[in-house]
file entry-v4.txt (compact mmCIF, C-alpha atoms)
# COMPACT_ATOMS: atom_id res chain seq x y z
CA MET H 3 32.83 -31.99 -14.88
CA ASP H 4 29.04 -32.36 -15.04
CA ASN H 5 27.18 -34.26 -17.75
CA ASP H 6 26.48 -31.17 -19.90
CA ASN H 7 30.14 -30.14 -19.97
CA LEU H 8 31.19 -33.73 -20.66
CA ASP H 9 28.77 -34.02 -23.56
CA GLU H 10 29.92 -30.68 -24.97
CA ALA H 11 33.66 -31.47 -24.67
CA THR H 12 33.38 -34.94 -26.15
CA SER H 13 31.02 -34.17 -29.00
CA HIS H 14 33.45 -31.61 -30.49
CA SER H 15 36.51 -33.88 -30.44
CA ASP H 16 34.97 -37.14 -31.71
CA PRO H 17 31.19 -37.21 -32.19
CA GLU H 18 31.18 -40.87 -33.29
CA MET H 19 32.98 -41.95 -30.12
CA HIS H 20 30.57 -39.83 -28.07
CA ARG H 21 27.63 -41.60 -29.76
CA VAL H 22 29.16 -45.05 -29.16
CA LEU H 23 29.86 -44.27 -25.50
CA GLU H 24 26.34 -42.93 -24.96
CA ASP H 25 24.94 -46.05 -26.60
CA LEU H 26 26.98 -48.37 -24.36
CA LEU H 27 25.96 -46.34 -21.32
CA SER H 28 22.26 -46.40 -22.18
CA ARG H 29 22.33 -50.19 -22.77
CA ASP H 30 24.41 -50.72 -19.59
CA GLU H 31 27.05 -52.68 -21.45
CA ASP H 32 30.55 -52.60 -20.00
CA ILE H 33 32.37 -49.57 -21.36
CA THR H 34 35.84 -50.68 -22.46
CA ALA H 35 38.24 -49.56 -25.17
CA ARG H 36 37.64 -52.85 -26.97
CA ALA H 37 33.84 -52.40 -26.90
CA VAL H 38 34.15 -48.85 -28.28
CA ALA H 39 36.55 -49.97 -31.03
CA ARG H 40 34.15 -52.75 -32.02
CA LEU H 41 31.25 -50.27 -32.46
CA HIS H 42 33.13 -47.20 -33.75
CA PRO H 43 32.96 -46.70 -37.54
CA ARG H 44 36.57 -45.48 -37.93
CA ILE H 45 38.51 -46.98 -35.01
CA ASN H 46 39.57 -50.58 -35.50
CA ALA H 47 41.73 -51.26 -32.44
CA ALA H 48 41.40 -50.58 -28.72
CA SER H 49 44.96 -49.24 -28.69
CA SER H 50 43.81 -46.35 -30.92
CA ILE H 51 41.71 -45.26 -27.96
CA THR H 52 44.13 -45.98 -25.13
CA ARG H 53 47.09 -44.26 -26.87
CA SER H 54 45.14 -41.06 -27.53
CA VAL H 55 45.06 -38.79 -24.49
CA GLU H 56 41.72 -37.21 -25.45
CA ARG H 57 40.00 -40.51 -26.31
CA SER H 58 41.43 -42.21 -23.22
CA ARG H 59 40.16 -39.34 -21.04
CA MET H 60 36.72 -39.56 -22.67
CA LEU H 61 36.62 -43.32 -22.10
CA ALA H 62 37.58 -42.89 -18.42
CA LYS H 63 34.88 -40.29 -17.84
CA TYR H 64 32.21 -42.55 -19.30
CA GLN H 65 33.47 -45.48 -17.25
CA GLU H 66 33.12 -43.30 -14.14
CA ARG H 67 29.57 -42.35 -15.13
CA GLN H 68 28.68 -45.99 -15.67
CA ALA H 69 30.12 -46.99 -12.30
CA GLU H 70 28.10 -44.24 -10.63
CA PHE H 71 24.89 -45.27 -12.43
CA ARG H 72 25.43 -48.86 -11.36
CA ARG H 73 26.06 -47.86 -7.75
CA TRP H 74 22.96 -45.71 -7.85
CA ARG H 75 20.84 -48.53 -9.19
CA GLY H 76 22.39 -50.95 -6.71
CA ARG H 77 23.14 -53.72 -9.14
CA PRO H 78 26.16 -54.77 -11.14
CA GLY H 79 26.15 -54.85 -14.90
CA LYS H 80 25.17 -57.89 -16.87
CA LEU H 81 25.71 -61.02 -14.82
CA SER H 82 26.78 -64.33 -16.19
CA GLY H 83 24.23 -67.13 -16.02
CA VAL H 84 26.06 -68.75 -13.09
CA ALA H 85 26.33 -65.47 -11.16
CA ALA H 86 22.67 -64.65 -11.78
CA ALA H 87 21.58 -68.12 -10.64
CA SER H 88 23.76 -67.82 -7.54
CA ALA H 89 22.33 -64.38 -6.69
CA LEU H 90 18.80 -65.71 -7.18
CA ALA H 91 19.51 -68.72 -4.95
CA ASP H 92 20.93 -66.42 -2.25
CA ARG H 93 17.79 -64.31 -2.39
CA ASP H 94 15.58 -67.40 -2.18
CA VAL H 95 17.44 -68.52 0.96
CA ARG H 96 17.06 -65.05 2.49
CA ILE H 97 13.33 -65.01 1.68
CA ALA H 98 12.90 -68.42 3.31
CA GLU H 99 14.73 -67.19 6.43
CA LEU H 100 12.53 -64.10 6.64
CA GLU H 101 9.34 -66.12 6.13
CA SER H 102 10.44 -68.44 8.93
CA GLN H 103 11.07 -65.48 11.23
CA VAL H 104 7.66 -63.99 10.43
CA ALA H 105 5.95 -67.31 11.19
CA LEU H 106 7.84 -67.58 14.48
CA LEU H 107 7.00 -64.01 15.49
CA THR H 108 3.36 -64.50 14.58
CA ALA H 109 3.10 -67.69 16.64
CA SER H 110 4.94 -65.99 19.49
CA HIS H 111 2.59 -63.04 19.57
CA VAL H 112 -0.50 -65.21 19.37
CA ALA H 113 0.78 -67.30 22.27
CA MET H 114 1.70 -64.19 24.24
CA ILE H 115 -1.69 -62.61 23.77
CA ARG H 116 -3.40 -65.83 24.85
CA ALA H 117 -1.14 -66.26 27.86
CA VAL H 118 -1.49 -62.68 29.00
CA GLY H 119 -5.22 -62.55 28.39
CA GLU H 120 -6.24 -65.91 29.76
CA LEU H 121 -3.68 -66.80 32.41
CA GLY H 122 -2.77 -63.56 34.03
CA GLY H 123 0.52 -61.94 33.10
CA PHE H 124 4.12 -62.27 31.92
CA SER H 125 5.02 -64.99 34.39
CA LYS H 126 2.51 -67.27 32.68
CA TRP H 127 3.92 -66.35 29.28
CA ALA H 128 7.44 -67.20 30.47
CA GLN H 129 6.21 -70.51 31.88
CA PHE H 130 4.58 -71.34 28.55
CA TYR H 131 7.89 -70.81 26.73
CA GLU H 132 10.03 -72.81 29.18
CA SER H 133 9.59 -75.91 27.03
CA TYR H 134 10.44 -73.92 23.87
CA SER H 135 13.90 -72.63 24.81
CA GLY H 136 15.11 -72.71 21.17
CA SER H 137 12.22 -70.52 20.08
CA ARG H 138 12.75 -68.22 23.06
CA ASP H 139 16.46 -67.89 22.22
CA GLN H 140 15.65 -67.05 18.61
CA LEU H 141 13.08 -64.47 19.73
CA ALA H 142 15.74 -62.91 21.97
CA GLN H 143 18.17 -62.72 19.00
CA LEU H 144 15.49 -61.02 16.93
CA GLY H 145 14.82 -58.54 19.71
CA ALA H 146 11.21 -59.72 20.00
CA LEU H 147 11.26 -60.22 23.78
CA PRO H 148 10.40 -57.26 25.95
CA GLU H 149 13.20 -55.73 27.97
CA ALA H 150 12.62 -53.73 31.10
CA THR H 151 14.53 -52.70 34.15
CA VAL H 152 12.95 -53.36 37.49
CA GLU H 153 13.22 -50.73 40.15
CA LEU H 154 12.23 -51.26 43.73
CA LEU H 155 9.55 -48.95 45.00
CA PRO H 156 10.22 -47.15 48.26
CA GLN H 157 8.77 -48.83 51.32
CA ARG H 158 5.46 -47.43 52.56
CA ARG H 159 5.55 -46.10 56.06
CA PRO H 160 2.74 -47.28 58.26
CA ARG H 161 0.27 -44.57 59.29

call {"tool": "encode", "arguments": {"input": "entry-v4.txt", "output": "structure tokens"}}
result
Amino acid sequence: MDNDNLDEATSHSDPEMHRVLEDLLSRDEDITARAVARLHPRINAASSITRSVERSRMLAKYQERQAEFRRWRGRPGKLSGVAAASALADRDVRIAELESQVALLTASHVAMIRAVGELGGFSKWAQFYESYSGSRDQLAQLGALPEATVELLPQRRPR
């Protein structure tokens, strides 16, 4: 059932419940029978919603819409203070890791350009990085080292 048909079906059966559900959806508050009962002018208990087939169906459809909106936006509903702080800390750690990788790649490319330009080729670049095996290993994990297959050229025949 698309949104227009849902709105039409629900507004005829219980317009107040439709309004409450739309309000919860627009504010991105968790849609539950208890939340609807708290905001509905005539319904006082969540069981009045869950025992009614029509109201229960309406509630389920709005819960589905909310879940889809949240998936679409890529974030959960309201987070607790602890969960929000934890998510923020995780993002800070990830940002620090990425900044470290960028700094490493930048230094690597500067060194490579210098080695290739001044000293004469990849062998000099590899020699430069022999003393930085940890950096070289990390560059390999990031896929920042060139990869090539070496094929032997056919022997020239003397003329």

call {"tool": "closest_residue", "arguments": {"input": "entry-v4.txt", "among": "H:Leu144, H:Ala35, H:Ile51, H:Met60", "to": "Ser15 in chain H", "atoms": "only C-alpha atoms"}}
result
H:Met60

call {"tool": "closest_residue", "arguments": {"input": "entry-v4.txt", "among": "H:Ala105, H:Gly83, H:Leu27, H:Ser88", "to": "Ala69 in chain H", "atoms": "all atoms listed in the file"}}
result
H:Leu27

call {"tool": "atom_distance", "arguments": {"input": "entry-v4.txt", "atom1": "CA of Leu23 in chain H", "atom2": "CA of Val38 in chain H"}}
result
6.9 Å

call {"tool": "residues_around", "arguments": {"input": "entry-v4.txt", "residues": "His42 in chain H", "least_positions_apart": "4", "cutoff": "10 Å", "atoms": "all atoms listed in the file", "output": "number ranges by chain"}}
result
H: 18-23, 36-38, 46-47

call {"tool": "atom_distance", "arguments": {"input": "entry-v4.txt", "atom1": "CA of Asp30 in chain H", "atom2": "CA of Tyr64 in chain H"}}
result
11.3 Å

call {"tool": "atom_distance", "arguments": {"input": "entry-v4.txt", "atom1": "CA of Val55 in chain H", "atom2": "CA of Arg72 in chain H"}}
result
25.7 Å

call {"tool": "closest_residue", "arguments": {"input": "entry-v4.txt", "among": "H:Ser28, H:Ser135, H:Asp16, H:Phe71", "to": "Arg57 in chain H", "atoms": "only C-alpha atoms"}}
result
H:Asp16
